[in-house]
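Okay, coords-v3.tsv now, which holds TSV, C-alpha atoms:
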chain	number	residue	atom	x	y	z
A	1	MET	CA	20.67	-22.12	3.01
A	2	THR	CA	19.44	-24.65	0.46
A	3	ALA	CA	15.74	-23.77	0.23
A	4	VAL	CA	14.87	-21.72	-2.84
A	5	LEU	CA	13.78	-18.22	-1.84
A	6	ARG	CA	10.25	-17.30	-2.87
A	7	VAL	CA	9.61	-13.92	-4.50
A	8	TYR	CA	6.14	-12.34	-4.37
A	9	LEU	CA	5.57	-10.76	-7.80
A	10	ALA	CA	3.68	-7.57	-6.91
A	11	GLY	CA	2.47	-5.21	-9.61
A	12	PRO	CA	-0.31	-4.16	-11.96
A	13	GLU	CA	0.35	-7.11	-14.30
A	14	VAL	CA	-2.81	-8.66	-12.87
A	15	PHE	CA	-4.71	-6.05	-14.92
A	16	LEU	CA	-3.09	-6.99	-18.26
A	17	PRO	CA	-5.15	-8.82	-20.91
A	18	ASP	CA	-3.06	-11.95	-20.26
A	19	PRO	CA	-1.75	-11.80	-16.70
A	20	TYR	CA	-0.67	-15.45	-16.85
A	21	ALA	CA	1.76	-14.70	-19.68
A	22	ALA	CA	3.30	-11.96	-17.54
A	23	ALA	CA	3.46	-14.37	-14.61
A	24	THR	CA	5.17	-17.03	-16.70
A	25	ALA	CA	7.80	-14.58	-17.96
A	26	LYS	CA	8.58	-13.35	-14.45
A	27	LYS	CA	8.74	-16.87	-13.05
A	28	ALA	CA	11.20	-17.90	-15.76
A	29	LEU	CA	13.48	-14.99	-14.83
A	30	CYS	CA	13.17	-15.92	-11.16
A	31	ALA	CA	14.25	-19.47	-11.93
A	32	GLU	CA	17.22	-18.20	-13.96
A	33	HIS	CA	18.35	-16.28	-10.88
A	34	GLY	CA	17.76	-19.13	-8.46
A	35	PHE	CA	14.45	-17.90	-7.04
A	36	GLU	CA	10.89	-19.17	-7.17
A	37	GLY	CA	8.35	-16.60	-8.36
A	38	VAL	CA	4.89	-16.45	-6.77
A	39	PHE	CA	2.22	-14.53	-8.69
A	40	PRO	CA	-0.85	-13.00	-6.99
A	41	LEU	CA	-3.18	-15.18	-9.08
A	42	ASP	CA	-1.44	-18.33	-7.80
A	43	GLY	CA	-3.59	-18.14	-4.70
A	44	ASP	CA	-5.76	-21.01	-3.62
A	45	PHE	CA	-9.26	-19.68	-3.29
A	46	ASP	CA	-12.73	-20.85	-4.12
A	47	ALA	CA	-15.04	-18.12	-5.41
A	48	ARG	CA	-17.77	-20.40	-6.76
A	49	GLY	CA	-21.18	-18.93	-6.11
A	50	LEU	CA	-19.69	-15.66	-4.91
A	51	GLU	CA	-19.99	-12.22	-6.49
A	52	GLY	CA	-18.51	-8.76	-6.24
A	53	ARG	CA	-17.09	-7.87	-2.88
A	54	ALA	CA	-17.04	-11.45	-1.67
A	55	VAL	CA	-14.80	-12.41	-4.60
A	56	GLY	CA	-12.55	-9.41	-4.00
A	57	SER	CA	-12.21	-10.34	-0.35
A	58	ARG	CA	-11.28	-13.92	-1.20
A	59	ILE	CA	-8.60	-12.74	-3.62
A	60	ALA	CA	-7.18	-10.34	-1.03
A	61	ALA	CA	-7.04	-13.05	1.63
A	62	ALA	CA	-5.34	-15.41	-0.80
A	63	ASN	CA	-2.79	-12.73	-1.73
A	64	GLU	CA	-1.98	-12.08	1.91
A	65	ALA	CA	-1.47	-15.80	2.50
A	66	LEU	CA	0.87	-15.93	-0.51
A	67	MET	CA	2.87	-12.98	0.81
A	68	ARG	CA	3.26	-14.63	4.20
A	69	ALA	CA	4.69	-17.66	2.38
A	70	CYS	CA	7.25	-15.59	0.48
A	71	ASP	CA	10.72	-14.44	1.52
A	72	LEU	CA	10.84	-11.18	-0.40
A	73	LEU	CA	8.80	-9.01	-2.75
A	74	ILE	CA	9.65	-7.32	-6.03
A	75	ALA	CA	7.21	-4.57	-6.97
A	76	ASN	CA	6.44	-3.15	-10.40
A	77	MET	CA	6.20	0.52	-9.34
A	78	THR	CA	5.43	1.86	-12.83
A	79	PRO	CA	2.84	4.68	-12.53
A	80	PHE	CA	-0.70	3.41	-12.85
A	81	ARG	CA	-3.62	5.74	-13.67
A	82	GLY	CA	-2.07	8.80	-12.11
A	83	PRO	CA	1.39	10.03	-11.12
A	84	GLY	CA	1.88	7.29	-8.56
A	85	MET	CA	2.09	3.51	-8.58
A	86	ASP	CA	-0.79	1.06	-8.22
A	87	GLY	CA	-2.32	1.29	-4.74
A	88	GLY	CA	-2.73	-2.44	-4.28
A	89	THR	CA	0.97	-2.91	-4.99
A	90	ALA	CA	1.82	-0.17	-2.47
A	91	TYR	CA	-0.32	-2.00	0.10
A	92	GLU	CA	1.61	-5.19	-0.57
A	93	MET	CA	4.97	-3.45	-0.17
A	94	GLY	CA	3.87	-2.21	3.25
A	95	PHE	CA	2.59	-5.66	4.17
A	96	MET	CA	5.89	-7.40	3.43
A	97	ARG	CA	7.91	-4.65	5.04
A	98	ALA	CA	5.96	-5.04	8.28
A	99	LEU	CA	6.78	-8.74	8.18
A	100	GLY	CA	10.44	-7.75	8.10
A	101	ARG	CA	11.05	-9.14	4.63
A	102	PRO	CA	12.95	-7.23	1.94
A	103	VAL	CA	11.04	-5.37	-0.75
A	104	PHE	CA	12.62	-4.40	-4.05
A	105	GLY	CA	11.13	-2.30	-6.80
A	106	TYR	CA	11.46	-1.09	-10.36
A	107	THR	CA	9.63	1.36	-12.58
A	108	ASN	CA	9.33	1.48	-16.34
A	109	ARG	CA	8.86	5.26	-16.23
A	110	PRO	CA	12.08	6.93	-15.05
A	111	GLY	CA	12.05	10.19	-13.11
A	112	HIS	CA	11.09	11.71	-9.82
A	113	PHE	CA	7.62	11.54	-8.29
A	114	ALA	CA	7.53	15.35	-8.00
A	115	ALA	CA	8.25	15.86	-11.70
A	116	ARG	CA	5.56	13.36	-12.67
A	117	THR	CA	3.08	14.97	-10.31
A	118	ARG	CA	3.77	18.44	-11.73
A	119	ALA	CA	3.34	17.14	-15.28
A	120	TRP	CA	0.07	15.49	-14.30
A	121	LEU	CA	-1.56	18.62	-12.85
A	122	ASP	CA	-4.00	20.71	-14.90
A	123	ALA	CA	-2.56	23.96	-13.54
A	124	PRO	CA	1.04	24.95	-12.81
A	125	PRO	CA	2.05	24.39	-9.19
A	126	ARG	CA	2.12	27.29	-6.73
A	127	ARG	CA	5.10	28.09	-4.54
A	128	ARG	CA	4.57	27.90	-0.78
A	129	GLN	CA	6.26	30.29	1.62
A	130	ASP	CA	8.42	27.43	2.95
A	131	GLY	CA	9.72	26.77	-0.56
A	132	GLY	CA	7.58	23.72	-1.28
A	133	GLU	CA	5.09	23.49	-4.12
A	134	GLU	CA	1.36	22.79	-3.97
A	135	ASP	CA	-1.39	22.06	-6.47
A	136	ALA	CA	-4.54	24.14	-7.11
A	137	ASP	CA	-6.23	22.45	-4.12
A	138	GLY	CA	-3.36	23.50	-1.85
A	139	LEU	CA	-2.02	19.96	-1.58
A	140	LEU	CA	1.74	19.56	-1.36
A	141	ILE	CA	3.74	18.12	-4.23
A	142	GLU	CA	5.93	15.65	-2.38
A	143	ASP	CA	9.53	16.23	-3.48
A	144	PHE	CA	12.26	14.16	-1.89
A	145	GLY	CA	13.96	13.22	-5.15
A	146	MET	CA	12.34	9.80	-4.92
A	147	ALA	CA	10.65	7.66	-7.57
A	148	ASP	CA	7.32	7.57	-5.69
A	149	ASN	CA	5.83	8.38	-2.28
A	150	LEU	CA	8.48	8.23	0.42
A	151	MET	CA	6.96	5.22	2.21
A	152	MET	CA	7.43	2.92	-0.78
A	153	ALA	CA	10.71	4.45	-1.94
A	154	ALA	CA	12.24	4.27	1.53
A	155	ALA	CA	11.07	0.69	1.98
A	156	VAL	CA	13.25	-0.32	-0.95
A	157	SER	CA	16.32	1.52	0.29
A	158	ALA	CA	15.82	0.21	3.84
A	159	SER	CA	15.78	-3.28	2.31
A	160	GLY	CA	19.20	-2.67	0.80
A	161	GLY	CA	17.85	-2.07	-2.70
A	162	VAL	CA	17.70	0.73	-5.25
A	163	ILE	CA	14.59	1.35	-7.37
A	164	GLU	CA	15.54	0.29	-10.88
A	165	GLU	CA	14.44	2.80	-13.51
A	166	GLN	CA	14.01	1.87	-17.14
A	167	ASP	CA	11.96	3.41	-19.92
A	168	GLY	CA	9.54	0.87	-21.29
A	169	ARG	CA	6.08	-0.62	-21.36
A	170	LEU	CA	4.27	-1.50	-18.17
A	171	ASP	CA	5.29	-5.14	-18.58
A	172	ALA	CA	8.93	-4.64	-19.63
A	173	LEU	CA	11.23	-6.85	-17.55
A	174	GLU	CA	14.69	-5.29	-17.55
A	175	GLY	CA	14.09	-3.60	-14.20
A	176	PHE	CA	12.60	-6.75	-12.74
A	177	ALA	CA	15.68	-8.77	-13.75
A	178	ALA	CA	17.92	-6.13	-12.18
A	179	CYS	CA	15.93	-6.42	-8.94
A	180	LEU	CA	16.58	-10.15	-8.89
A	181	VAL	CA	20.30	-9.41	-9.06
A	182	GLN	CA	19.91	-6.94	-6.17
A	183	ALA	CA	17.99	-9.51	-4.16
A	184	ARG	CA	20.66	-12.12	-4.74
A	185	THR	CA	23.28	-9.69	-3.43
A	186	VAL	CA	21.25	-8.73	-0.34
A	187	PHE	CA	20.48	-12.34	0.58
A	188	GLY	CA	24.06	-13.31	-0.20
A	189	ARG	CA	25.29	-10.81	2.40
A	190	GLN	CA	23.03	-12.43	4.98
A	191	GLY	CA	24.66	-15.79	4.24
B	1	MET	CA	-8.12	-3.19	29.40
B	2	THR	CA	-7.32	0.20	30.85
B	3	ALA	CA	-4.64	1.47	28.48
B	4	VAL	CA	-5.91	3.97	25.93
B	5	LEU	CA	-5.78	2.50	22.44
B	6	ARG	CA	-3.60	4.38	20.00
B	7	VAL	CA	-4.91	5.15	16.51
B	8	TYR	CA	-2.51	5.80	13.63
B	9	LEU	CA	-4.04	8.64	11.59
B	10	ALA	CA	-3.18	7.62	8.02
B	11	GLY	CA	-4.13	9.81	5.09
B	12	PRO	CA	-3.18	12.59	2.71
B	13	GLU	CA	-3.70	15.29	5.38
B	14	VAL	CA	0.09	15.51	5.57
B	15	PHE	CA	-0.10	17.29	2.19
B	16	LEU	CA	-2.55	19.99	3.35
B	17	PRO	CA	-1.34	23.57	3.83
B	18	ASP	CA	-1.73	23.14	7.61
B	19	PRO	CA	-1.35	19.45	8.43
B	20	TYR	CA	-1.05	20.20	12.13
B	21	ALA	CA	-4.55	21.70	12.19
B	22	ALA	CA	-5.89	18.50	10.63
B	23	ALA	CA	-3.93	16.48	13.18
B	24	THR	CA	-5.33	18.49	16.07
B	25	ALA	CA	-8.90	18.06	14.86
B	26	LYS	CA	-8.49	14.29	14.47
B	27	LYS	CA	-6.80	13.93	17.84
B	28	ALA	CA	-9.66	15.80	19.51
B	29	LEU	CA	-12.18	13.39	17.97
B	30	CYS	CA	-10.03	10.45	19.08
B	31	ALA	CA	-10.03	11.75	22.65
B	32	GLU	CA	-13.82	12.20	22.57
B	33	HIS	CA	-14.13	8.52	21.67
B	34	GLY	CA	-11.60	7.34	24.24
B	35	PHE	CA	-8.66	6.85	21.87
B	36	GLU	CA	-5.31	8.53	21.46
B	37	GLY	CA	-4.56	9.78	17.96
B	38	VAL	CA	-1.05	9.50	16.53
B	39	PHE	CA	-0.31	11.62	13.45
B	40	PRO	CA	2.45	10.73	10.95
B	41	LEU	CA	4.26	14.01	11.69
B	42	ASP	CA	4.45	13.11	15.40
B	43	GLY	CA	7.50	11.02	14.66
B	44	ASP	CA	10.76	11.59	16.42
B	45	PHE	CA	13.38	12.15	13.77
B	46	ASP	CA	16.32	14.42	13.26
B	47	ALA	CA	16.78	15.62	9.69
B	48	ARG	CA	19.30	18.37	10.44
B	49	GLY	CA	21.91	18.55	7.74
B	50	LEU	CA	20.04	16.09	5.56
B	51	GLU	CA	18.42	16.69	2.18
B	52	GLY	CA	16.09	15.03	-0.30
B	53	ARG	CA	16.02	11.25	-0.12
B	54	ALA	CA	17.73	11.13	3.25
B	55	VAL	CA	14.94	13.25	4.75
B	56	GLY	CA	12.27	11.13	3.08
B	57	SER	CA	13.86	7.98	4.44
B	58	ARG	CA	13.96	9.41	7.99
B	59	ILE	CA	10.27	10.34	7.79
B	60	ALA	CA	9.37	6.86	6.52
B	61	ALA	CA	11.32	5.16	9.29
B	62	ALA	CA	9.66	7.41	11.88
B	63	ASN	CA	6.21	6.62	10.46
B	64	GLU	CA	6.88	2.89	10.62
B	65	ALA	CA	8.00	3.21	14.24
B	66	LEU	CA	4.79	5.13	15.02
B	67	MET	CA	2.65	2.45	13.39
B	68	ARG	CA	4.35	-0.28	15.40
B	69	ALA	CA	3.44	1.70	18.52
B	70	CYS	CA	-0.24	1.95	17.55
B	71	ASP	CA	-3.10	-0.49	18.11
B	72	LEU	CA	-5.14	0.30	15.03
B	73	LEU	CA	-5.19	2.51	11.95
B	74	ILE	CA	-7.88	4.71	10.43
B	75	ALA	CA	-7.19	5.65	6.82
B	76	ASN	CA	-8.50	8.59	4.84
B	77	MET	CA	-9.11	6.72	1.56
B	78	THR	CA	-10.42	9.75	-0.36
B	79	PRO	CA	-9.11	9.60	-3.95
B	80	PHE	CA	-5.84	11.46	-4.35
B	81	ARG	CA	-4.55	12.58	-7.78
B	82	GLY	CA	-6.25	9.80	-9.69
B	83	PRO	CA	-9.14	7.37	-9.23
B	84	GLY	CA	-7.50	5.67	-6.26
B	85	MET	CA	-6.37	6.63	-2.78
B	86	ASP	CA	-2.96	8.00	-1.77
B	87	GLY	CA	-0.30	5.33	-2.26
B	88	GLY	CA	1.53	6.08	0.97
B	89	THR	CA	-1.70	5.56	2.89
B	90	ALA	CA	-2.28	2.27	1.07
B	91	TYR	CA	1.22	1.18	2.09
B	92	GLU	CA	0.43	1.99	5.70
B	93	MET	CA	-2.82	-0.01	5.61
B	94	GLY	CA	-0.86	-3.04	4.42
B	95	PHE	CA	1.79	-2.47	7.04
B	96	MET	CA	-0.68	-2.48	9.95
B	97	ARG	CA	-2.63	-5.37	8.50
B	98	ALA	CA	0.52	-7.50	8.38
B	99	LEU	CA	1.08	-6.68	12.05
B	100	GLY	CA	-2.38	-8.15	12.71
B	101	ARG	CA	-3.88	-4.85	13.83
B	102	PRO	CA	-7.28	-3.61	12.64
B	103	VAL	CA	-7.46	-1.05	9.85
B	104	PHE	CA	-10.53	1.10	9.29
B	105	GLY	CA	-11.18	3.51	6.47
B	106	TYR	CA	-13.38	6.27	5.13
B	107	THR	CA	-13.64	8.20	1.91
B	108	ASN	CA	-15.03	11.66	1.25
B	109	ARG	CA	-15.91	10.70	-2.32
B	110	PRO	CA	-18.67	8.07	-2.33
B	111	GLY	CA	-18.95	5.46	-5.05
B	112	HIS	CA	-17.25	2.42	-6.47
B	113	PHE	CA	-13.66	2.28	-7.62
B	114	ALA	CA	-14.78	1.00	-11.03
B	115	ALA	CA	-17.13	3.94	-11.62
B	116	ARG	CA	-14.44	6.42	-10.61
B	117	THR	CA	-11.89	4.72	-12.86
B	118	ARG	CA	-14.28	4.80	-15.85
B	119	ALA	CA	-14.99	8.49	-15.24
B	120	TRP	CA	-11.25	9.18	-15.04
B	121	LEU	CA	-10.35	7.59	-18.39
B	122	ASP	CA	-9.90	9.70	-21.52
B	123	ALA	CA	-11.62	7.11	-23.70
B	124	PRO	CA	-14.66	4.94	-22.98
B	125	PRO	CA	-13.78	1.48	-21.63
B	126	ARG	CA	-13.79	-1.53	-23.93
B	127	ARG	CA	-15.61	-4.75	-23.15
B	128	ARG	CA	-13.50	-7.89	-22.78
B	129	GLN	CA	-14.70	-11.29	-23.94
B	130	ASP	CA	-14.96	-12.44	-20.31
B	131	GLY	CA	-17.34	-9.57	-19.55
B	132	GLY	CA	-14.81	-7.33	-17.81
B	133	GLU	CA	-13.86	-3.86	-18.97
B	134	GLU	CA	-10.45	-2.52	-19.92
B	135	ASP	CA	-8.94	0.88	-20.71
B	136	ALA	CA	-7.30	1.97	-23.98
B	137	ASP	CA	-4.04	0.33	-22.85
B	138	GLY	CA	-5.83	-2.97	-22.34
B	139	LEU	CA	-5.62	-2.72	-18.55
B	140	LEU	CA	-8.53	-4.09	-16.56
B	141	ILE	CA	-10.94	-1.82	-14.73
B	142	GLU	CA	-11.14	-3.56	-11.37
B	143	ASP	CA	-14.80	-3.98	-10.49
B	144	PHE	CA	-15.70	-5.78	-7.29
B	145	GLY	CA	-18.20	-3.18	-6.08
B	146	MET	CA	-15.57	-1.90	-3.67
B	147	ALA	CA	-14.54	1.65	-2.76
B	148	ASP	CA	-10.94	1.14	-3.88
B	149	ASN	CA	-8.51	-1.63	-4.88
B	150	LEU	CA	-9.53	-4.92	-3.30
B	151	MET	CA	-6.45	-5.18	-1.07
B	152	MET	CA	-7.34	-2.04	0.87
B	153	ALA	CA	-11.09	-2.54	0.77
B	154	ALA	CA	-10.83	-6.15	1.96
B	155	ALA	CA	-8.41	-5.17	4.73
B	156	VAL	CA	-11.14	-3.01	6.25
B	157	SER	CA	-13.81	-5.69	6.04
B	158	ALA	CA	-11.42	-8.34	7.38
B	159	SER	CA	-10.85	-6.01	10.34
B	160	GLY	CA	-14.57	-5.98	11.08
B	161	GLY	CA	-15.14	-2.54	9.58
B	162	VAL	CA	-17.05	-0.98	6.72
B	163	ILE	CA	-15.58	1.82	4.61
B	164	GLU	CA	-17.50	4.96	5.57
B	165	GLU	CA	-18.56	7.00	2.55
B	166	GLN	CA	-19.42	10.68	2.80
B	167	ASP	CA	-19.43	13.46	0.23
B	168	GLY	CA	-17.12	16.22	1.33
B	169	ARG	CA	-13.74	17.87	1.20
B	170	LEU	CA	-10.56	15.88	1.57
B	171	ASP	CA	-10.33	16.87	5.23
B	172	ALA	CA	-13.99	16.43	6.22
B	173	LEU	CA	-14.26	14.38	9.42
B	174	GLU	CA	-17.71	12.77	9.49
B	175	GLY	CA	-16.37	9.50	8.09
B	176	PHE	CA	-13.41	9.56	10.44
B	177	ALA	CA	-15.72	9.95	13.45
B	178	ALA	CA	-17.84	7.05	12.21
B	179	CYS	CA	-14.68	4.92	11.98
B	180	LEU	CA	-13.92	5.67	15.62
B	181	VAL	CA	-17.37	4.33	16.51
B	182	GLN	CA	-16.66	1.20	14.46
B	183	ALA	CA	-13.30	0.75	16.16
B	184	ARG	CA	-14.87	1.07	19.57
B	185	THR	CA	-17.33	-1.68	18.66
B	186	VAL	CA	-14.66	-4.00	17.28
B	187	PHE	CA	-12.36	-3.58	20.28
B	188	GLY	CA	-15.34	-3.87	22.59
B	189	ARG	CA	-16.11	-7.31	21.16
B	190	GLN	CA	-12.55	-8.37	21.90
B	191	GLY	CA	-13.05	-7.34	25.52
What is this file in structure tokens?
Amino acid sequence: MTAVLRVYLAGPEVFLPDPYAAATAKKALCAEHGFEGVFPLDGDFDARGLEGRAVGSRIAAANEALMRACDLLIANMTPFRGPGMDGGTAYEMGFMRALGRPVFGYTNRPGHFAARTRAWLDAPPRRRQDGGEEDADGLLIEDFGMADNLMMAAAVSASGGVIEEQDGRLDALEGFAACLVQARTVFGRQG
Amino acid sequence: MTAVLRVYLAGPEVFLPDPYAAATAKKALCAEHGFEGVFPLDGDFDARGLEGRAVGSRIAAANEALMRACDLLIANMTPFRGPGMDGGTAYEMGFMRALGRPVFGYTNRPGHFAARTRAWLDAPPRRRQDGGEEDADGLLIEDFGMADNLMMAAAVSASGGVIEEQDGRLDALEGFAACLVQARTVFGRQG
């Protein structure tokens, strides 16, 4: 295969003060590893004269078109405003997985989803009769020893990857670089 | 078309103390509206002798197989441990959307994602020079007048639906029933 594989750069970097700087840094790492990085804001959309929901819908459509044009996805799964990762990034992982394309992921907050959820609760968890734990509203604390909800965590392992865990800022890139190495290995196996 | 359309019942009901009761109630409403409801725990998987991540991966694979066997998805988008919806449900919305199947959604907490995010923050948001707002970490407060992150909200509108907003408990079903009516209309238009 001679075409350069395109990596969709999913994550909450779009919410940073300078998302384009984050995009540039990720694209440079992609190039170093022989990939082409595609950032959500690279989309071709015209929002002139539009407001609110109409703009949001245009961005979403552009992002979906970008994903369809990519060969794989690497997600920044760092927790975002709660114990779990950014919901939009989770959506994008599911989207690419349904297309049959590999999804990789990293988090800059190491540890299990269950431990983070327990730490996030206002009250200590309660033990259920079946051995599981629940919060004060009776909702289960998911505990499969995974880095996030099982759908996203399992998508990475089913893709042949391992969620890279580092301790750093939301925009730290060590885990991202390690995912590029994983992706190279997985695509290398496919020839 | 004579085959009964199958609805994937996405949402955080799997975390309730009695998820099967929630499943039964949703399936009954589906039947009343001429659909067949498929609950995530309906999956056929064998986890005997497995633990932790291996179990989580089996559940995820079973859920993906169930989604592939469904015609549409209705998501409970009620906020879950943070200002946004359950991440696993967001993943499933993206998954079905990539398969080209309609996704509908409801939330039992009315209001805009931006307002909920502001209310969730420890410190008041700061104004950016471009007019947007950011949190104390400098991360944007997404504000498109939508009920959640634009990827999930736009997926519903692109499917021909409107996110139903009701004020109720996590497992209240008024919004779900309204989504079934929407789905009937959308599939009716397709003949």
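Atom pair CA of Asp44 (chain B) / CA of Leu73 (chain B): separated by 18.9 Å.
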Return as JSON lines the residues of chain B lying at most 8 Å from chain A, together with the closest atom-to-atom pair for each and the distance in Å to one decimal, counting all atoms listed in the file, with rows in chain order and ascending residue number.
{"residue": "B:Phe15", "atom": "CA", "partner": "A:Leu140", "partner_atom": "CA", "distance": 4.6}
{"residue": "B:Leu16", "atom": "CA", "partner": "A:Leu139", "partner_atom": "CA", "distance": 5.0}
{"residue": "B:Pro17", "atom": "CA", "partner": "A:Gly138", "partner_atom": "CA", "distance": 6.0}
{"residue": "B:Glu51", "atom": "CA", "partner": "A:Phe144", "partner_atom": "CA", "distance": 7.8}
{"residue": "B:Gly52", "atom": "CA", "partner": "A:Phe144", "partner_atom": "CA", "distance": 4.2}
{"residue": "B:Arg53", "atom": "CA", "partner": "A:Phe144", "partner_atom": "CA", "distance": 5.1}
{"residue": "B:Val55", "atom": "CA", "partner": "A:Phe144", "partner_atom": "CA", "distance": 7.2}
{"residue": "B:Gly56", "atom": "CA", "partner": "A:Leu150", "partner_atom": "CA", "distance": 5.5}
{"residue": "B:Ser57", "atom": "CA", "partner": "A:Ala154", "partner_atom": "CA", "distance": 5.0}
{"residue": "B:Ile59", "atom": "CA", "partner": "A:Leu150", "partner_atom": "CA", "distance": 7.9}
{"residue": "B:Ala60", "atom": "CA", "partner": "A:Met151", "partner_atom": "CA", "distance": 5.2}
{"residue": "B:Ala61", "atom": "CA", "partner": "A:Ala154", "partner_atom": "CA", "distance": 7.9}
{"residue": "B:Arg81", "atom": "CA", "partner": "A:Gly82", "partner_atom": "CA", "distance": 6.3}
{"residue": "B:Gly82", "atom": "CA", "partner": "A:Gly82", "partner_atom": "CA", "distance": 4.9}
{"residue": "B:Pro83", "atom": "CA", "partner": "A:Arg81", "partner_atom": "CA", "distance": 7.3}
{"residue": "B:Gly84", "atom": "CA", "partner": "A:Gly87", "partner_atom": "CA", "distance": 7.0}
{"residue": "B:Met85", "atom": "CA", "partner": "A:Gly87", "partner_atom": "CA", "distance": 7.0}
{"residue": "B:Asp86", "atom": "CA", "partner": "A:Gly87", "partner_atom": "CA", "distance": 7.4}
{"residue": "B:Gly87", "atom": "CA", "partner": "A:Gly87", "partner_atom": "CA", "distance": 5.2}
{"residue": "B:Gly88", "atom": "CA", "partner": "A:Met151", "partner_atom": "CA", "distance": 5.6}
{"residue": "B:Ala90", "atom": "CA", "partner": "A:Tyr91", "partner_atom": "CA", "distance": 4.8}
{"residue": "B:Tyr91", "atom": "CA", "partner": "A:Tyr91", "partner_atom": "CA", "distance": 4.1}
{"residue": "B:Glu92", "atom": "CA", "partner": "A:Gly94", "partner_atom": "CA", "distance": 6.0}
{"residue": "B:Met93", "atom": "CA", "partner": "A:Tyr91", "partner_atom": "CA", "distance": 6.4}
{"residue": "B:Gly94", "atom": "CA", "partner": "A:Phe95", "partner_atom": "CA", "distance": 4.3}
{"residue": "B:Phe95", "atom": "CA", "partner": "A:Gly94", "partner_atom": "CA", "distance": 4.3}
{"residue": "B:Met96", "atom": "CA", "partner": "A:Ala98", "partner_atom": "CA", "distance": 7.3}
{"residue": "B:Arg97", "atom": "CA", "partner": "A:Phe95", "partner_atom": "CA", "distance": 6.8}
{"residue": "B:Ala98", "atom": "CA", "partner": "A:Phe95", "partner_atom": "CA", "distance": 5.0}
{"residue": "B:Leu99", "atom": "CA", "partner": "A:Ala98", "partner_atom": "CA", "distance": 6.4}
{"residue": "B:Gly138", "atom": "CA", "partner": "A:Pro17", "partner_atom": "CA", "distance": 6.1}
{"residue": "B:Leu139", "atom": "CA", "partner": "A:Leu16", "partner_atom": "CA", "distance": 5.0}
{"residue": "B:Leu140", "atom": "CA", "partner": "A:Phe15", "partner_atom": "CA", "distance": 4.6}
{"residue": "B:Ile141", "atom": "CA", "partner": "A:Phe15", "partner_atom": "CA", "distance": 7.5}
{"residue": "B:Glu142", "atom": "CA", "partner": "A:Phe15", "partner_atom": "CA", "distance": 7.8}
{"residue": "B:Asp143", "atom": "CA", "partner": "A:Gly52", "partner_atom": "CA", "distance": 7.4}
{"residue": "B:Phe144", "atom": "CA", "partner": "A:Gly52", "partner_atom": "CA", "distance": 4.2}
{"residue": "B:Gly145", "atom": "CA", "partner": "A:Gly52", "partner_atom": "CA", "distance": 5.6}
{"residue": "B:Met146", "atom": "CA", "partner": "A:Arg53", "partner_atom": "CA", "distance": 6.2}
{"residue": "B:Asn149", "atom": "CA", "partner": "A:Gly88", "partner_atom": "CA", "distance": 5.9}
{"residue": "B:Leu150", "atom": "CA", "partner": "A:Gly56", "partner_atom": "CA", "distance": 5.5}
{"residue": "B:Met151", "atom": "CA", "partner": "A:Ala60", "partner_atom": "CA", "distance": 5.2}
{"residue": "B:Met152", "atom": "CA", "partner": "A:Gly88", "partner_atom": "CA", "distance": 6.9}
{"residue": "B:Ala153", "atom": "CA", "partner": "A:Ser57", "partner_atom": "CA", "distance": 8.0}
{"residue": "B:Ala154", "atom": "CA", "partner": "A:Ser57", "partner_atom": "CA", "distance": 5.0}
{"residue": "B:Ala155", "atom": "CA", "partner": "A:Ala60", "partner_atom": "CA", "distance": 7.8}
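Overlaying chain A on chain B with a least-squares fit of every Cα atom yields 0.0 Å as the RMSD.
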task: Tell me which protein, DNA and RNA residues are within 12 Å of Asp71 (chain A), counting all atoms listed in the file, leaving out same-chain ones fewer than 2 positions away, and put them as a PyMOL selection string.
output: chain A and resi 3-9+35-38+66-69+73-74+96-97+99-104+183-184+187
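Comparing B:Ala65, B:Val186, B:Ala172, B:Ala178 by their smallest distance to Ser159 (chain B), the closest is B:Val186 (using only C-alpha atoms).
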- line: Separating CA of His33 (chain B) from CA of Phe176 (chain B), to the nearest tenth of an Å, is a gap of 11.3 Å
task: Could you jot down the CA of Tyr20 (chain A) to CA of Asn76 (chain A) separation for me, Å, one decimal place?
output: 15.6 Å
Could I get region 81-97 of chain A from the block written out with C-alpha atoms, as a PDB file, in the first residue's frame?
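As written to disk, part22.pdb reads:
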ATOM      1  CA  ARG A  81     -16.146  17.411  32.873  1.00  0.00           C
ATOM      2  CA  GLY A  82     -16.957  14.271  34.789  1.00  0.00           C
ATOM      3  CA  PRO A  83     -15.474  10.816  35.339  1.00  0.00           C
ATOM      4  CA  GLY A  84     -15.824   9.844  31.692  1.00  0.00           C
ATOM      5  CA  MET A  85     -14.446  11.052  28.378  1.00  0.00           C
ATOM      6  CA  ASP A  86     -15.962  13.697  26.104  1.00  0.00           C
ATOM      7  CA  GLY A  87     -19.278  12.489  24.679  1.00  0.00           C
ATOM      8  CA  GLY A  88     -18.657  13.813  21.187  1.00  0.00           C
ATOM      9  CA  THR A  89     -15.413  11.856  21.046  1.00  0.00           C
ATOM     10  CA  ALA A  90     -17.226   8.721  22.239  1.00  0.00           C
ATOM     11  CA  TYR A  91     -19.765   9.235  19.435  1.00  0.00           C
ATOM     12  CA  GLU A  92     -16.939   9.456  16.924  1.00  0.00           C
ATOM     13  CA  MET A  93     -15.323   6.251  18.199  1.00  0.00           C
ATOM     14  CA  GLY A  94     -18.618   4.432  17.669  1.00  0.00           C
ATOM     15  CA  PHE A  95     -18.997   5.967  14.232  1.00  0.00           C
ATOM     16  CA  MET A  96     -15.611   4.763  12.991  1.00  0.00           C
ATOM     17  CA  ARG A  97     -16.033   1.373  14.605  1.00  0.00           C
TER      18      ARG A  97
END
